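Colleague: Quick one: the structure is below, and I'll ask about it shortly.
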Amino acid sequence: MLEVENLSAGYGKGDVIRDLTFTATKGELYLLLGTNGAGKTTTFRAITGILPPSRGRVIVEGIDLWRDPEKAKVKIGYLPEGERVYPNLSVYRNLLLFARLYGVPEERIGEVLREFNLKEYRDRKAGELSRGLRKRLALARALLHEPEVLVLDEPFANLDVSSVISLRDKIFESLKEGRVVLFSTHILSELQQFEGAKCRVGIIRDGKLVLEERLENLMSLLSGVDAVLVVNNPQLALQVLKEKNYDARIEGRNIIVSISNYTLEVPEITRILAENGVGILQVRPKEIPLEKLFMKLSKQDR
């Protein structure tokens with residue numbers, strides 16, 4: 001379990017985050033949602049022991065992070081924003097460095113190389129890898145010591161589709177293994193990919209947690225938005241949806257469907273398309289600005 005109590009932190013000119021309080025339990029995904037500059041990275045730096053708080057506490061599996069940092073930090077795996085690997089070291093030596101820091105036996109490195117499909121890149125310099133492979137290496141490094149808490153800062157930023165799917169699978173796998181998983185994003189459409197998980201969303205704005213809600217409840221607020229469907233046959237999909245009286249159109253290679261309730265209508269739309277031979281590669285809400293969601297929430301609270 002991870003407990004954050006009245007946490008405030010900054011960089012010398014006042015606090016960037018103020019009085020954050022939340023709890024994430026084992027097997028649960030806690031998703032920190034906010035615009036760029038809202039305080040997500042500062043929050044994660046304070047949670048992982050990189051940035052000292054001005055006040056408040058972080059408790060990791062019952063251990064106070066700042067009273068007993070060595071015992072607490074070994075329970076945390078951190079993937080910072082960007083890949084943050086050592087470019088001039090080989091894949092193996094990137095992992096070896098952290099294995100020695102955490103007292104992990106070298107045999108574990110071989111396990112991780114196989115688990116993350118990095119064995120063939122073992123002796124390649126990390127700086128020569130693609131962005132997706134560097135991200136995979138950084139995640140392998142974060143999980144090398146088998147931490148109870150995994151913290152991922154904007155993990156899907158600038159990744160290709162295959163890397164996104166691979167990383168998403170690793171997150172689900174970590175949840176099944178009983179880890180606490182936190183990750184941050186500023187992209188609303190990423191939320192929909194985790195509807196099947198035990199997931200809570202904390203919305204951070206100007207350094208304060210303005211709302212905490214279960215993911216399924218938050219998704220139900222996305223009414224009056226468009227659904228984006230990536231399909232293998234856009235023309236057939238459009239024909240099928242028009243016959244069922246859906247307001248649909250083609251944009252590029254995607255189908256856009258106007259719906260009134262995302263959570264209720266998307267399962268029916270995907271069922272209809274599948275029954276008519278349309279292969280569905282991805283479904284997500286068409287991106288809306290977070291400010292629009294904040295306005296929705298503000299009106300709801302009145």
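Ligands are numbered from 1 in the order shown, chains are lettered A, B, ... in the order of the structure tokens, and residues start at 1 in each chain.
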Set the distance at 8 Å and use only C-alpha atoms: which residues neighbour Leu33 (chain A) once local chain neighbours fewer than 4 positions away are removed? I'd like the list as a VMD selection string.

Modeller: chain A and resid 40 184 to 188 201 to 204

Colleague: Using only N, CA and C atoms, please write the residues we just selected to a file, as a PDB file, in the first residue's frame.

Modeller:
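For reference, part_27.pdb as written:
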ATOM      1  N   LYS A  40       2.172  16.883 -11.803  1.00  0.00           N
ATOM      2  CA  LYS A  40       2.257  15.418 -11.802  1.00  0.00           C
ATOM      3  C   LYS A  40       3.686  14.937 -11.543  1.00  0.00           C
ATOM      4  N   SER A 184       0.943   8.670 -14.515  1.00  0.00           N
ATOM      5  CA  SER A 184       0.385   9.989 -14.801  1.00  0.00           C
ATOM      6  C   SER A 184       0.185  10.150 -16.297  1.00  0.00           C
ATOM      7  N   THR A 185      -0.769  11.000 -16.647  1.00  0.00           N
ATOM      8  CA  THR A 185      -0.998  11.316 -18.054  1.00  0.00           C
ATOM      9  C   THR A 185      -1.739  12.644 -18.151  1.00  0.00           C
ATOM     10  N   HIS A 186      -1.620  13.285 -19.310  1.00  0.00           N
ATOM     11  CA  HIS A 186      -2.435  14.475 -19.593  1.00  0.00           C
ATOM     12  C   HIS A 186      -3.406  14.184 -20.730  1.00  0.00           C
ATOM     13  N   ILE A 187      -3.493  12.896 -21.126  1.00  0.00           N
ATOM     14  CA  ILE A 187      -4.303  12.512 -22.277  1.00  0.00           C
ATOM     15  C   ILE A 187      -5.516  11.708 -21.804  1.00  0.00           C
ATOM     16  N   LEU A 188      -6.696  12.265 -21.975  1.00  0.00           N
ATOM     17  CA  LEU A 188      -7.920  11.623 -21.502  1.00  0.00           C
ATOM     18  C   LEU A 188      -8.153  10.258 -22.129  1.00  0.00           C
ATOM     19  N   VAL A 201      -8.905   7.427 -10.361  1.00  0.00           N
ATOM     20  CA  VAL A 201      -8.295   8.562 -11.038  1.00  0.00           C
ATOM     21  C   VAL A 201      -8.288   9.750 -10.091  1.00  0.00           C
ATOM     22  N   GLY A 202      -7.107  10.332  -9.913  1.00  0.00           N
ATOM     23  CA  GLY A 202      -6.988  11.581  -9.176  1.00  0.00           C
ATOM     24  C   GLY A 202      -6.710  12.695 -10.168  1.00  0.00           C
ATOM     25  N   ILE A 203      -7.524  13.716 -10.170  1.00  0.00           N
ATOM     26  CA  ILE A 203      -7.320  14.836 -11.095  1.00  0.00           C
ATOM     27  C   ILE A 203      -6.610  15.958 -10.353  1.00  0.00           C
ATOM     28  N   ILE A 204      -5.439  16.328 -10.871  1.00  0.00           N
ATOM     29  CA  ILE A 204      -4.627  17.363 -10.248  1.00  0.00           C
ATOM     30  C   ILE A 204      -4.674  18.624 -11.100  1.00  0.00           C
TER      31      ILE A 204
END

Colleague: Based on the backbone DSSP call, show me all residues of region 23-142 of chain A assigned strand (DSSP E), as number ranges by chain.

Modeller: A: 23-24, 29-33, 55-60, 63-64, 76-79

Colleague: I'd like a table as a Markdown table: residues in region 184-265 of chain A with an atom no more than 12 Å from region 2-9 of chain A, each row giving the shortest atom pair and its distance in Å to one decimal, only C-alpha atoms counted, sorted by chain and rising residue number.

Modeller:
| residue | atom | partner | partner_atom | distance |
| --- | --- | --- | --- | --- |
| A:Gly207 | CA | A:Ser8 | CA | 8.8 |
| A:Lys208 | CA | A:Ser8 | CA | 9.4 |
| A:Leu209 | CA | A:Asn6 | CA | 10.6 |

Colleague: As a short mmCIF file (atom, residue, chain, number, x, y, z; two decimals) with C-alpha atoms, in the first residue's frame, please: every residue in region 21-235 of chain A that a backbone DSSP assignment puts in alpha helix (DSSP H).

Modeller:
data_model
loop_
_atom_site.label_atom_id
_atom_site.label_comp_id
_atom_site.auth_asym_id
_atom_site.auth_seq_id
_atom_site.Cartn_x
_atom_site.Cartn_y
_atom_site.Cartn_z
CA LYS A 40 2.26 15.42 -11.80
CA THR A 41 6.04 15.04 -12.10
CA THR A 42 6.65 16.95 -8.87
CA THR A 43 4.20 14.62 -7.12
CA PHE A 44 6.02 11.54 -8.37
CA ARG A 45 9.44 12.93 -7.46
CA ALA A 46 8.22 13.51 -3.92
CA ILE A 47 6.58 10.07 -3.74
CA PRO A 69 14.45 6.08 3.13
CA GLU A 70 16.64 3.05 2.41
CA LYS A 71 13.97 0.56 3.46
CA ALA A 72 11.18 2.48 1.72
CA LYS A 73 12.93 3.20 -1.60
CA VAL A 91 21.68 -2.65 -22.09
CA TYR A 92 23.30 -5.20 -19.78
CA ARG A 93 25.42 -2.63 -17.96
CA ASN A 94 22.42 -0.31 -17.48
CA LEU A 95 20.75 -3.16 -15.63
CA LEU A 96 23.94 -4.26 -13.85
CA LEU A 97 24.42 -0.80 -12.35
CA PHE A 98 20.99 -0.89 -10.73
CA ALA A 99 21.32 -4.53 -9.75
CA ARG A 100 24.37 -3.60 -7.68
CA LEU A 101 22.63 -0.57 -6.20
CA TYR A 102 19.72 -2.70 -5.03
CA GLU A 107 21.15 -13.91 -12.50
CA ARG A 108 18.10 -11.67 -12.21
CA ILE A 109 19.40 -9.56 -15.13
CA GLY A 110 19.15 -12.54 -17.46
CA GLU A 111 15.57 -13.13 -16.33
CA VAL A 112 14.65 -9.50 -17.01
CA LEU A 113 16.34 -9.49 -20.44
CA ARG A 114 14.21 -12.49 -21.44
CA GLU A 115 11.03 -11.13 -19.84
CA ARG A 131 12.68 5.10 -28.32
CA GLY A 132 10.34 2.17 -27.69
CA LEU A 133 13.23 -0.13 -26.75
CA ARG A 134 14.74 2.50 -24.47
CA LYS A 135 11.40 2.80 -22.70
CA ARG A 136 11.28 -0.98 -22.39
CA LEU A 137 14.78 -0.97 -20.90
CA ALA A 138 13.82 1.77 -18.44
CA LEU A 139 10.77 -0.23 -17.34
CA ALA A 140 12.89 -3.39 -17.01
CA ARG A 141 15.25 -1.42 -14.78
CA ALA A 142 12.33 -0.17 -12.66
CA LEU A 143 11.11 -3.75 -12.13
CA VAL A 161 1.42 1.62 -31.16
CA SER A 162 3.24 -1.69 -30.57
CA SER A 163 5.27 -0.20 -27.70
CA VAL A 164 2.10 1.24 -26.14
CA ILE A 165 0.42 -2.18 -26.24
CA SER A 166 3.50 -3.89 -24.78
CA LEU A 167 3.75 -1.36 -21.94
CA ARG A 168 0.01 -1.58 -21.23
CA ASP A 169 0.29 -5.36 -20.96
CA LYS A 170 3.12 -4.95 -18.43
CA ILE A 171 0.96 -2.65 -16.33
CA PHE A 172 -1.88 -5.19 -16.27
CA GLU A 173 0.63 -7.93 -15.44
CA SER A 174 2.00 -5.89 -12.53
CA LEU A 175 -1.52 -5.38 -11.20
CA LYS A 176 -2.21 -9.13 -11.36
CA LEU A 215 -12.47 5.23 -13.46
CA GLU A 216 -15.84 3.80 -14.50
CA ASN A 217 -17.63 6.73 -12.86
CA LEU A 218 -15.35 9.25 -14.52
CA MET A 219 -15.84 7.67 -17.94
CA PRO A 234 -13.73 1.93 -42.69
CA GLN A 235 -16.19 1.88 -45.61
#
